[in-house]
>>> print(open('input.cif').read())   # mmCIF, C-alpha atoms
data_structure
loop_
_atom_site.label_atom_id
_atom_site.label_comp_id
_atom_site.auth_asym_id
_atom_site.auth_seq_id
_atom_site.Cartn_x
_atom_site.Cartn_y
_atom_site.Cartn_z
CA MET V 1 15.69 2.00 -13.10
CA PRO V 2 15.82 5.29 -15.07
CA ARG V 3 15.90 8.38 -12.95
CA PRO V 4 12.75 10.52 -12.96
CA CYS V 5 12.86 13.88 -14.66
CA ALA V 6 12.75 16.98 -12.49
CA TRP V 7 11.90 20.60 -13.22
CA VAL V 8 14.94 22.88 -12.87
CA ASP V 9 14.77 26.52 -13.95
CA GLY V 10 11.87 25.84 -16.28
CA ILE V 11 13.48 22.80 -17.93
CA LEU V 12 12.60 19.16 -17.41
CA HIS V 13 15.75 17.10 -16.88
CA GLN V 14 16.43 13.38 -17.05
CA GLY V 15 20.09 12.44 -17.14
CA VAL V 16 21.60 14.35 -20.09
CA ALA V 17 18.25 14.82 -21.82
CA THR V 18 16.50 18.17 -21.46
CA ILE V 19 12.98 19.10 -22.46
CA LYS V 20 12.30 22.80 -22.60
CA SER V 21 9.07 24.13 -21.22
CA SER V 22 7.47 27.46 -22.04
CA ARG V 23 5.09 29.81 -20.24
CA TRP V 24 5.86 28.62 -16.75
CA ILE V 25 4.10 31.53 -15.06
CA GLN V 26 0.67 30.33 -14.01
CA ARG V 27 -2.15 32.22 -15.68
CA PRO V 28 -4.42 34.15 -13.31
CA ARG V 29 -7.59 32.22 -12.52
CA SER V 30 -11.04 33.68 -12.36
CA PRO V 31 -12.66 33.02 -8.96
CA ALA V 32 -15.98 32.50 -10.74
CA SER V 33 -14.72 29.79 -13.09
CA ASN V 34 -15.27 27.13 -10.40
CA MET V 35 -13.88 24.23 -12.46
CA ALA V 36 -15.46 21.44 -10.46
CA ARG V 37 -13.49 18.27 -11.11
CA LEU V 38 -14.47 17.03 -7.65
CA LEU V 39 -18.20 17.30 -6.92
CA LEU V 40 -19.11 16.69 -3.29
CA PHE V 41 -22.66 16.20 -2.06
CA GLY V 42 -23.35 16.55 1.66
CA GLY V 43 -26.06 17.13 4.21
CA LYS V 44 -27.77 15.46 7.15
CA GLY V 45 -28.66 11.80 6.93
CA GLY V 46 -31.73 10.75 4.97
CA VAL V 47 -32.20 13.85 2.80
CA GLY V 48 -31.30 12.29 -0.56
CA LYS V 49 -27.53 12.83 -0.88
CA THR V 50 -26.94 9.38 -2.35
CA THR V 51 -29.74 9.71 -4.90
CA THR V 52 -28.56 13.17 -5.95
CA SER V 53 -24.90 12.18 -6.27
CA ALA V 54 -25.73 8.93 -8.12
CA ALA V 55 -28.08 10.75 -10.54
CA THR V 56 -25.38 13.33 -11.17
CA ALA V 57 -22.76 10.66 -11.88
CA VAL V 58 -25.08 8.79 -14.29
CA TRP V 59 -25.98 12.02 -16.14
CA LEU V 60 -22.34 13.07 -16.53
CA ALA V 61 -21.30 9.60 -17.74
CA ASP V 62 -24.19 9.57 -20.24
CA SER V 63 -22.81 12.83 -21.63
CA GLY V 64 -19.55 11.10 -22.51
CA LEU V 65 -17.37 11.78 -19.47
CA ARG V 66 -15.37 9.25 -17.49
CA VAL V 67 -16.83 9.46 -13.99
CA LEU V 68 -15.96 7.88 -10.65
CA LEU V 69 -18.74 7.81 -8.05
CA VAL V 70 -17.28 7.47 -4.55
CA SER V 71 -19.12 6.88 -1.29
CA SER V 72 -17.73 7.01 2.25
CA ASP V 73 -21.10 6.42 3.89
CA PRO V 74 -20.84 3.34 6.16
CA ALA V 75 -24.39 2.38 5.12
CA HIS V 76 -23.10 1.61 1.59
CA SER V 77 -26.41 2.77 0.11
CA THR V 78 -24.77 3.74 -3.21
CA SER V 79 -24.80 0.08 -4.29
CA ASP V 80 -28.52 -0.06 -3.49
CA SER V 81 -29.21 3.14 -5.42
CA LEU V 82 -27.45 1.87 -8.55
CA SER V 83 -28.63 -1.73 -8.08
CA VAL V 84 -24.98 -2.70 -8.58
CA GLU V 85 -22.67 -4.33 -6.06
CA LEU V 86 -19.69 -2.00 -5.56
CA GLY V 87 -16.39 -2.79 -3.88
CA SER V 88 -13.39 -0.94 -2.47
CA SER V 89 -11.84 -0.43 -5.94
CA PRO V 90 -13.41 1.26 -8.99
CA THR V 91 -16.12 -1.03 -10.37
CA PRO V 92 -17.77 -0.52 -13.79
CA VAL V 93 -21.50 0.17 -13.54
CA ASP V 94 -23.45 -1.98 -15.99
CA GLY V 95 -25.67 -0.03 -18.34
CA VAL V 96 -23.73 3.25 -17.95
CA PRO V 97 -20.55 3.30 -20.08
CA GLY V 98 -17.87 5.46 -18.51
CA LEU V 99 -19.28 5.24 -14.96
CA PHE V 100 -17.39 3.50 -12.18
CA GLY V 101 -18.38 3.19 -8.53
CA LEU V 102 -16.40 2.72 -5.34
CA GLU V 103 -17.48 2.30 -1.73
CA MET V 104 -14.73 3.05 0.74
CA ASP V 105 -13.79 0.93 3.72
CA PRO V 106 -11.68 3.34 5.81
CA GLU V 107 -11.35 1.02 8.81
CA SER V 108 -9.39 -1.51 6.75
CA LYS V 109 -6.80 1.14 5.90
CA ILE V 110 -6.00 2.41 9.39
CA SER V 111 -2.70 0.53 9.60
CA SER V 112 -1.52 1.97 6.28
CA VAL V 113 -2.11 5.56 7.37
CA LEU V 114 -0.33 5.38 10.70
CA PRO V 115 1.99 2.36 10.33
CA LYS V 116 4.65 3.48 12.77
CA MET V 117 2.05 4.35 15.33
CA GLY V 118 0.58 0.86 14.98
CA GLU V 119 4.01 -0.72 15.42
CA MET V 120 4.61 1.27 18.58
CA MET V 121 1.21 0.37 19.96
CA ASN V 122 2.00 -3.28 19.32
CA GLY V 123 5.32 -2.81 21.12
CA MET V 124 3.58 -1.35 24.14
CA ASN V 125 1.38 -4.42 24.34
CA GLY V 126 4.05 -6.96 23.40
CA PRO V 127 5.01 -10.27 25.00
CA GLY V 128 7.18 -8.61 27.59
CA GLY V 129 4.18 -6.93 29.19
CA LEU V 130 4.05 -3.39 30.56
CA GLY V 131 5.37 -1.83 27.37
CA GLY V 132 8.17 -4.34 26.86
CA LEU V 133 9.69 -3.97 30.33
CA GLY V 134 9.78 -7.75 30.68
CA GLY V 135 11.41 -8.90 33.91
CA LEU V 136 12.03 -5.30 34.96
CA SER V 137 8.31 -5.05 35.78
CA MET V 138 9.06 -7.13 38.88
CA MET V 139 10.78 -4.04 40.32
CA LEU V 140 7.40 -2.29 40.56
CA ASP V 141 4.92 -2.76 43.40
CA PRO V 142 1.48 -4.21 42.52
CA ASN V 143 -0.31 -0.85 42.67
CA ALA V 144 2.13 0.73 40.20
CA LYS V 145 1.88 -2.25 37.88
CA GLU V 146 -1.92 -2.06 37.94
CA GLU V 147 -1.88 1.67 37.20
CA MET V 148 0.50 1.25 34.25
CA GLU V 149 -1.60 -1.58 32.82
CA SER V 150 -4.62 0.71 33.03
CA VAL V 151 -2.83 3.53 31.19
CA ARG V 152 -1.62 1.08 28.55
CA ASP V 153 -5.19 -0.05 27.91
CA GLU V 154 -6.30 3.56 27.63
CA VAL V 155 -3.66 4.23 24.99
CA LYS V 156 -4.75 1.18 23.04
CA THR V 157 -8.35 2.40 23.07
CA SER V 158 -7.28 5.88 22.01
CA ASP V 159 -5.50 4.39 19.01
CA MET V 160 -8.83 3.20 17.65
CA VAL V 161 -10.78 6.41 18.26
CA ILE V 162 -8.58 9.17 16.86
CA PRO V 163 -11.10 11.96 16.29
CA GLY V 164 -11.94 12.07 12.59
CA LEU V 165 -9.60 9.23 11.56
CA ASP V 166 -12.20 7.48 9.38
CA GLU V 167 -12.94 10.74 7.60
CA ALA V 168 -9.23 11.42 7.13
CA LEU V 169 -8.75 8.03 5.50
CA ALA V 170 -11.71 8.60 3.20
CA PHE V 171 -10.51 12.01 2.03
CA ASP V 172 -6.90 10.84 1.69
CA GLU V 173 -8.03 7.99 -0.58
CA LEU V 174 -10.24 10.43 -2.47
CA LEU V 175 -7.23 12.64 -3.13
CA ARG V 176 -5.46 9.77 -4.91
CA HIS V 177 -8.29 9.65 -7.43
CA VAL V 178 -8.47 13.44 -7.76
CA GLU V 179 -4.79 13.41 -8.75
CA ASP V 180 -5.52 10.83 -11.47
CA PRO V 181 -6.30 12.74 -14.71
CA THR V 182 -7.79 9.65 -16.36
CA TRP V 183 -10.98 10.57 -14.46
CA ASP V 184 -12.90 13.51 -15.88
CA VAL V 185 -15.12 14.00 -12.84
CA ILE V 186 -15.22 12.48 -9.38
CA VAL V 187 -18.59 12.60 -7.61
CA PHE V 188 -18.30 12.10 -3.87
CA ASP V 189 -21.30 11.04 -1.82
CA THR V 190 -20.07 12.11 1.60
CA ALA V 191 -21.11 10.76 4.97
CA PRO V 192 -23.50 13.07 6.91
CA THR V 193 -22.18 16.63 7.15
CA GLY V 194 -20.95 16.28 10.72
CA HIS V 195 -18.36 13.72 9.58
CA THR V 196 -17.04 16.10 6.91
CA LEU V 197 -16.80 18.96 9.38
CA ARG V 198 -15.03 16.72 11.89
CA PHE V 199 -12.44 15.90 9.25
CA LEU V 200 -11.89 19.58 8.46
CA SER V 201 -11.06 20.24 12.12
CA LEU V 202 -8.79 17.18 12.33
CA PRO V 203 -5.36 18.89 12.07
CA GLU V 204 -6.01 20.90 15.23
CA LEU V 205 -7.46 17.84 16.99
CA ILE V 206 -4.43 15.73 16.11
CA GLU V 207 -2.10 18.34 17.57
CA ALA V 208 -3.84 18.21 20.96
CA TRP V 209 -4.51 14.47 20.82
CA SER V 210 -0.91 13.50 19.98
CA ASP V 211 0.49 15.36 22.98
CA ARG V 212 -1.90 13.47 25.26
CA LEU V 213 -1.06 10.13 23.67
CA ILE V 214 2.69 10.67 23.94
CA ARG V 215 2.34 11.56 27.63
CA MET V 216 0.50 8.27 28.15
CA MET V 217 3.30 6.42 26.39
CA ARG V 218 5.89 7.97 28.65
CA VAL V 219 3.93 7.02 31.76
CA SER V 220 3.35 3.42 30.68
CA GLY V 221 6.93 3.05 29.51
CA GLY V 222 8.57 5.41 31.98
CA LEU V 223 11.25 3.04 33.20
CA ARG V 224 12.07 1.88 29.71
CA SER V 225 12.37 5.50 28.56
CA MET V 226 14.90 6.19 31.32
CA LEU V 227 16.92 3.16 30.28
CA PHE V 228 16.72 3.36 26.49
CA GLY V 229 15.77 6.97 25.66
CA ARG V 230 12.67 8.38 23.99
CA LYS V 231 13.09 7.19 20.41
CA GLU V 232 9.63 5.67 20.27
CA SER V 233 7.75 8.74 21.44
CA ASP V 234 9.78 10.95 19.07
CA SER V 235 9.04 8.58 16.19
CA MET V 236 5.34 8.64 16.99
CA LYS V 237 5.34 12.41 17.16
CA GLU V 238 6.99 12.58 13.72
CA GLU V 239 4.45 10.15 12.25
CA LEU V 240 1.52 12.09 13.68
CA GLU V 241 2.97 15.34 12.35
CA ARG V 242 3.39 13.77 8.92
CA PHE V 243 -0.20 12.59 9.04
CA ARG V 244 -1.36 16.07 10.12
CA ARG V 245 0.44 17.64 7.14
CA ARG V 246 -1.28 15.23 4.76
CA VAL V 247 -4.66 16.17 6.22
CA LEU V 248 -3.83 19.85 5.79
CA HIS V 249 -2.95 19.17 2.15
CA VAL V 250 -6.32 17.49 1.56
CA ARG V 251 -8.03 20.43 3.24
CA ARG V 252 -6.25 22.82 0.86
CA VAL V 253 -7.47 20.76 -2.11
CA LEU V 254 -11.05 20.83 -0.82
CA SER V 255 -10.93 24.61 -0.42
CA ASN V 256 -9.64 25.15 -3.99
CA GLU V 257 -12.61 26.21 -6.11
CA GLU V 258 -10.65 25.25 -9.24
CA ILE V 259 -10.94 21.63 -8.07
CA THR V 260 -13.87 21.30 -5.68
CA SER V 261 -17.56 22.11 -5.60
CA PHE V 262 -19.73 21.26 -2.57
CA THR V 263 -23.49 20.87 -3.04
CA LEU V 264 -25.59 20.88 0.11
CA VAL V 265 -28.65 18.63 0.03
CA THR V 266 -31.52 19.15 2.45
CA ILE V 267 -35.29 18.84 2.89
CA PRO V 268 -37.79 21.67 3.55
CA GLU V 269 -38.22 20.95 7.25
CA ARG V 270 -37.03 23.06 10.16
CA MET V 271 -34.31 20.69 11.36
CA GLY V 272 -33.02 20.18 7.83
CA ILE V 273 -32.92 23.92 7.13
CA ASN V 274 -31.20 24.70 10.43
CA GLU V 275 -28.51 22.07 9.88
CA THR V 276 -27.96 23.28 6.33
CA LEU V 277 -27.41 26.84 7.52
CA ARG V 278 -24.98 25.66 10.20
CA ALA V 279 -23.15 23.45 7.71
CA HIS V 280 -22.88 26.29 5.21
CA GLU V 281 -21.43 28.58 7.87
CA SER V 282 -18.88 25.95 8.91
CA LEU V 283 -17.90 25.15 5.32
CA GLN V 284 -17.41 28.86 4.71
CA GLU V 285 -15.06 29.04 7.69
CA TYR V 286 -12.85 26.45 6.02
CA LYS V 287 -13.30 28.24 2.67
CA LEU V 288 -14.94 25.30 0.91
CA PRO V 289 -16.76 26.46 -2.24
CA VAL V 290 -20.53 25.91 -1.94
CA PRO V 291 -22.18 27.09 -5.18
CA ASN V 292 -25.31 24.90 -4.96
CA CYS V 293 -27.95 23.77 -2.49
CA LEU V 294 -30.70 21.32 -3.40
CA VAL V 295 -33.92 21.29 -1.37
CA ASN V 296 -35.27 17.80 -1.89
CA ARG V 297 -38.78 16.35 -1.48
CA VAL V 298 -40.76 19.58 -1.78
CA THR V 299 -44.51 18.86 -1.80
CA PRO V 300 -45.88 19.16 -5.37
CA GLU V 301 -48.58 21.73 -6.14
CA PHE V 302 -52.07 20.33 -5.57
CA GLU V 303 -55.46 21.91 -4.88
CA HIS V 304 -55.95 19.88 -1.72
CA PRO V 305 -55.91 22.36 1.23
CA PHE V 306 -53.66 20.19 3.43
CA LEU V 307 -51.04 19.75 0.68
CA ALA V 308 -51.33 23.41 -0.38
CA LYS V 309 -50.68 24.54 3.20
CA ARG V 310 -47.71 22.23 3.54
CA ARG V 311 -46.22 23.39 0.25
CA MET V 312 -46.60 27.04 1.29
CA ALA V 313 -44.71 26.36 4.54
CA GLU V 314 -41.97 24.50 2.68
CA LEU V 315 -41.51 27.26 0.10
CA ALA V 316 -41.21 29.75 2.97
CA ARG V 317 -38.28 27.70 4.30
CA VAL V 318 -36.74 27.64 0.83
CA GLU V 319 -37.01 31.42 0.76
CA GLU V 320 -35.28 31.52 4.12
CA LEU V 321 -32.34 29.61 2.63
CA THR V 322 -32.25 32.01 -0.32
CA SER V 323 -32.16 34.97 2.04
CA GLU V 324 -29.51 33.49 4.37
CA MET V 325 -27.27 32.17 1.57
CA PRO V 326 -27.50 34.82 -1.18
CA ASP V 327 -24.38 33.59 -3.02
CA VAL V 328 -25.68 30.01 -3.31
CA ASN V 329 -27.86 28.71 -6.13
CA ILE V 330 -30.94 27.25 -4.40
CA ALA V 331 -32.69 24.52 -6.39
CA ILE V 332 -35.72 22.44 -5.49
CA MET V 333 -36.71 18.87 -6.33
CA GLU V 334 -40.34 17.98 -5.79
CA LEU V 335 -41.37 14.80 -4.02
CA LEU V 336 -41.62 11.96 -6.55
CA ASP V 337 -44.42 9.40 -6.69
CA ASP V 338 -42.03 6.47 -6.19
CA GLU V 339 -38.64 5.71 -4.67
CA VAL V 340 -35.55 6.25 -6.79
CA VAL V 341 -33.73 2.94 -7.26
CA GLY V 342 -31.95 1.74 -10.37
CA ILE V 343 -30.36 3.40 -13.39
CA ALA V 344 -33.63 4.27 -15.17
CA ALA V 345 -35.01 6.12 -12.13
CA LEU V 346 -31.68 7.91 -11.58
CA ARG V 347 -31.73 9.08 -15.20
CA LYS V 348 -35.15 10.69 -14.61
CA VAL V 349 -33.80 12.54 -11.58
CA GLY V 350 -30.71 13.58 -13.54
CA ALA V 351 -32.89 15.05 -16.28
CA GLN V 352 -34.74 17.18 -13.71
CA LEU V 353 -31.49 18.40 -12.17
CA TYR V 354 -29.41 18.92 -15.31
CA GLY V 355 -31.76 18.83 -18.32
CA ASP V 356 -31.56 16.57 -21.35
CA VAL V 357 -28.26 14.74 -21.82
CA LYS V 358 -25.98 16.33 -24.42
CA THR V 359 -22.63 14.99 -25.58
CA HIS V 360 -19.93 16.82 -23.69
CA PRO V 361 -17.39 18.69 -25.89
CA SER V 362 -14.21 16.70 -26.52
CA ASP V 363 -11.78 19.48 -25.54
CA LEU V 364 -10.50 20.02 -21.99
CA GLY V 365 -12.92 22.85 -21.28
CA PRO V 366 -14.18 24.04 -18.85
CA HIS V 367 -17.80 23.80 -19.99
CA LYS V 368 -20.86 24.64 -17.93
CA VAL V 369 -23.51 21.97 -17.44
CA GLY V 370 -26.78 21.81 -15.58
CA LYS V 371 -30.18 23.39 -15.14
CA ALA V 372 -31.45 23.34 -11.55
CA ILE V 373 -27.94 22.50 -10.30
CA GLN V 374 -25.00 23.90 -12.25
CA HIS V 375 -21.36 22.87 -12.48
CA SER V 376 -18.40 23.75 -14.65
CA ILE V 377 -16.65 20.61 -15.87
CA HIS V 378 -13.08 20.22 -17.07
CA ARG V 379 -12.02 16.94 -18.69
CA GLY V 380 -9.10 15.20 -17.03
CA MET V 381 -7.27 14.14 -20.20
CA THR V 382 -7.44 14.47 -23.97
CA ARG V 383 -5.28 13.09 -26.77
CA GLU V 384 -4.94 13.93 -30.44
CA VAL V 385 -2.59 13.02 -33.27
CA MET V 386 -0.93 15.95 -35.04
CA GLY V 387 1.12 14.59 -37.92
CA GLU V 388 4.01 12.62 -36.42
CA ILE V 389 3.18 13.72 -32.86
CA GLU V 390 0.64 12.39 -30.37
CA ARG V 391 -0.32 15.20 -27.98
CA ILE V 392 -1.58 14.09 -24.57
CA SER V 393 -3.02 16.87 -22.42
CA LEU V 394 -3.48 16.26 -18.69
CA HIS V 395 -5.50 18.59 -16.47
CA TYR V 396 -4.00 19.13 -13.00
CA PRO V 397 -5.95 21.90 -11.19
CA GLY V 398 -3.76 24.06 -8.96
CA ILE V 399 -0.62 22.24 -10.08
CA ASP V 400 2.84 23.32 -8.95
CA ARG V 401 5.59 22.44 -11.43
CA ASP V 402 7.84 21.35 -8.54
CA ASP V 403 5.35 18.57 -7.76
CA LEU V 404 5.73 17.05 -11.25
CA SER V 405 8.12 14.38 -12.49
CA LEU V 406 8.42 12.44 -15.73
CA ARG V 407 10.24 9.21 -16.47
CA SER V 408 10.02 6.13 -18.65
CA GLU V 409 10.76 2.47 -18.16
CA ASP V 410 10.75 -0.22 -20.88
CA GLY V 411 8.93 2.12 -23.25
CA VAL V 412 6.23 3.05 -20.73
CA LEU V 413 5.79 6.71 -19.73
CA PHE V 414 5.13 7.68 -16.12
CA VAL V 415 4.01 11.08 -14.79
CA GLY V 416 4.49 11.72 -11.08
CA LEU V 417 2.51 14.17 -8.96
CA ASN V 418 3.34 14.70 -5.28
CA GLY V 419 5.39 11.50 -5.30
CA ARG V 420 2.59 9.36 -6.77
CA GLU V 421 3.35 8.01 -10.23
CA ARG V 422 0.80 6.99 -12.86
CA GLU V 423 1.32 5.34 -16.20
CA VAL V 424 0.33 7.45 -19.19
CA GLU V 425 -0.78 5.27 -22.07
CA THR V 426 0.88 6.18 -25.39
CA SER V 427 0.22 4.86 -28.89
CA VAL V 428 3.82 3.71 -29.26
CA PRO V 429 6.57 2.80 -26.78
CA THR V 430 8.58 5.89 -25.90
CA LYS V 431 11.35 7.35 -23.77
CA ALA V 432 10.96 10.36 -21.49
CA SER V 433 13.99 11.95 -23.15
CA ARG V 434 12.05 12.12 -26.45
CA VAL V 435 8.87 13.60 -24.97
CA LYS V 436 8.39 17.35 -25.10
CA ALA V 437 6.58 18.52 -21.96
CA LYS V 438 4.97 21.94 -21.61
CA LEU V 439 2.92 23.29 -18.70
CA GLU V 440 0.31 25.89 -19.60
CA GLY V 441 -1.73 27.04 -16.64
CA ASP V 442 -3.29 23.88 -15.18
CA VAL V 443 -2.63 21.72 -18.25
CA LEU V 444 0.43 19.55 -18.85
CA HIS V 445 0.97 18.87 -22.58
CA LEU V 446 3.06 15.84 -23.55
CA ASP V 447 4.15 15.64 -27.20
CA VAL V 448 5.11 12.04 -27.96
CA PRO V 449 6.87 11.31 -31.29
CA LEU V 450 5.15 8.53 -33.22
CA GLU V 451 8.13 7.64 -35.38
CA SER V 452 10.90 5.33 -34.15
CA GLU V 453 14.34 6.62 -33.23
#
>>> encode(input="input.cif", output="structure tokens")
Amino acid sequence: MPRPCAWVDGILHQGVATIKSSRWIQRPRSPASNMARLLLFGGKGGVGKTTTSAATAVWLADSGLRVLLVSSDPAHSTSDSLSVELGSSPTPVDGVPGLFGLEMDPESKISSVLPKMGEMMNGMNGPGGLGGLGGLSMMLDPNAKEEMESVRDEVKTSDMVIPGLDEALAFDELLRHVEDPTWDVIVFDTAPTGHTLRFLSLPELIEAWSDRLIRMMRVSGGLRSMLFGRKESDSMKEELERFRRRVLHVRRVLSNEEITSFTLVTIPERMGINETLRAHESLQEYKLPVPNCLVNRVTPEFEHPFLAKRRMAELARVEELTSEMPDVNIAIMELLDDEVVGIAALRKVGAQLYGDVKTHPSDLGPHKVGKAIQHSIHRGMTREVMGEIERISLHYPGIDRDDLSLRSEDGVLFVGLNGREREVETSVPTKASRVKAKLEGDVLHLDVPLESE
């Protein structure tokens, strides 16, 4: 297999081939640019997050972008909203070219996130009993054996209830799609806000949790540890630390305003407003960018005294949000006369939020979109033919050149980011040694010769 290229002193190397790269110094970014490739929608349960995120995804796809709508909500209500059955891999949405949907199943991926930990848990509960002590367990009196069995069961239970594990799996899977430039925009319908906040605090929780778990392992396998050393507990500690670092990486991505935009969705009731203010404060602590807040289901303006009084109270709560969150764009969506289900209804909501659909410019951007809610969108990839060269431009927000690699195999070009490779489709078979690669700011340009060698 050909060796991947690597960046060394500003030059991309593969074997004897070198591809010079210019302007390696990253251009300064404007904090206000807020290029939102990843649009997250969050809030308490039942306030309209799924409807808002689905309407946003449909509107963006209708404008000509390639959009992935992702849901981590266990209720799987995104399928109901679109009237399309979604699965755990990107599924095309009928009637909306360019829109794909995905509903995560984090529980099914637990073993892939902490494989070594799972192996060690299985070892502790293996055929030998008492953590694999086998016949040596006969050396213990009945009370000790009972106590160790109890601790072993506690460890097994702890394995299934790592604080925030489901959220960690969801965000880790989300990151794989964010790093895929074939998507222009990823819209993420998050689980209720508490789940998101629990994930953000996960690295610190893992640190405390892992120490407790390892102590349990040493108690339940104390005799075995004395006889055979502590390889298992050390291995588990390494795996948990590796997992913690991955979570920290995802948290850094979420706090990068060049990549992420978080829209809070709420309703004009006291509990909804209070939770929104608390969520905003917590998101600010983790430096997540929150440029928008949508107040959903505001009572329309009628002359009826009951409805007029209710609307006045609701608008007062909206004003409270505006006062408490002065840097956030507060938008309102009035209560509709029917439920929002299906593509046609979502398009109506999208028009209220973002205005009439307009074809998105074909260049990388960024370009601002929206009316009540506003985003700045950057395409993930563009391609154009310039004479004998096909130029492929890939947008990687916040990219570090050391995280990039480039290689080819059997005429197919692969770009790697953080160890994850993706095929880049080219018009003709090519070799990495013939491709000129240049990184300008957040954009990787690949110039692929169209003529044969």
>>> resolve_selection(input="input.cif", expression="the PyMOL selection byres ((chain V and resi 34-50) around 9)", output="VMD selection string")
chain V and resid 30 to 33 51 to 55 71 77 to 78 81 178 183 to 194 196 254 256 to 267 272 275 to 276 279 289 291 295 to 297 365 to 368 375 to 380 397
>>> closest_residue(input="input.cif", among="V:Val96, V:Ala308, V:Val385, V:Leu283", to="Asp62 of chain V", atoms="all atoms listed in the file")
V:Val96
>>> resolve_selection(input="input.cif", expression="the PyMOL selection byres ((chain V and resi 410) around 9)", output="PyMOL selection string")
chain V and resi 408-409+411-413+429-431
>>> closest_residue(input="input.cif", among="V:His360, V:Arg407, V:Arg434, V:Arg401", to="Gly64 of chain V", atoms="all atoms listed in the file")
V:His360
>>> atom_distance(input="input.cif", atom1="atom CA of Leu394 of chain V", atom2="atom CA of Leu364 of chain V")
8.6 Å
>>> closest_residue(input="input.cif", among="V:Ala372, V:Leu321, V:Val435, V:Val428", to="Asp356 of chain V", atoms="all atoms listed in the file")
V:Ala372
>>> atom_distance(input="input.cif", atom1="atom CA of Arg270 of chain V", atom2="atom CA of Ser72 of chain V")
26.3 Å
>>> resolve_selection(input="input.cif", expression="the PyMOL selection byres ((chain V and resi 415) around 6)", output="list in words")
Ser405, Leu406, Phe414, Gly416, Glu421 and Arg422 of chain V
>>> residues_near_point(input="input.cif", point="(-27.1, 25.8, -9.5)", cutoff="6 Å", atoms="only C-alpha atoms", output="MDAnalysis selection string")
chainID V and resid 292 329 372:374
>>> atom_distance(input="input.cif", atom1="atom CA of Lys436 of chain V", atom2="atom CA of Tyr396 of chain V")
17.4 Å
>>> closest_residue(input="input.cif", among="V:Ile389, V:Asp172, V:Glu269, V:Pro181", to="Arg244 of chain V", atoms="only C-alpha atoms")
V:Asp172
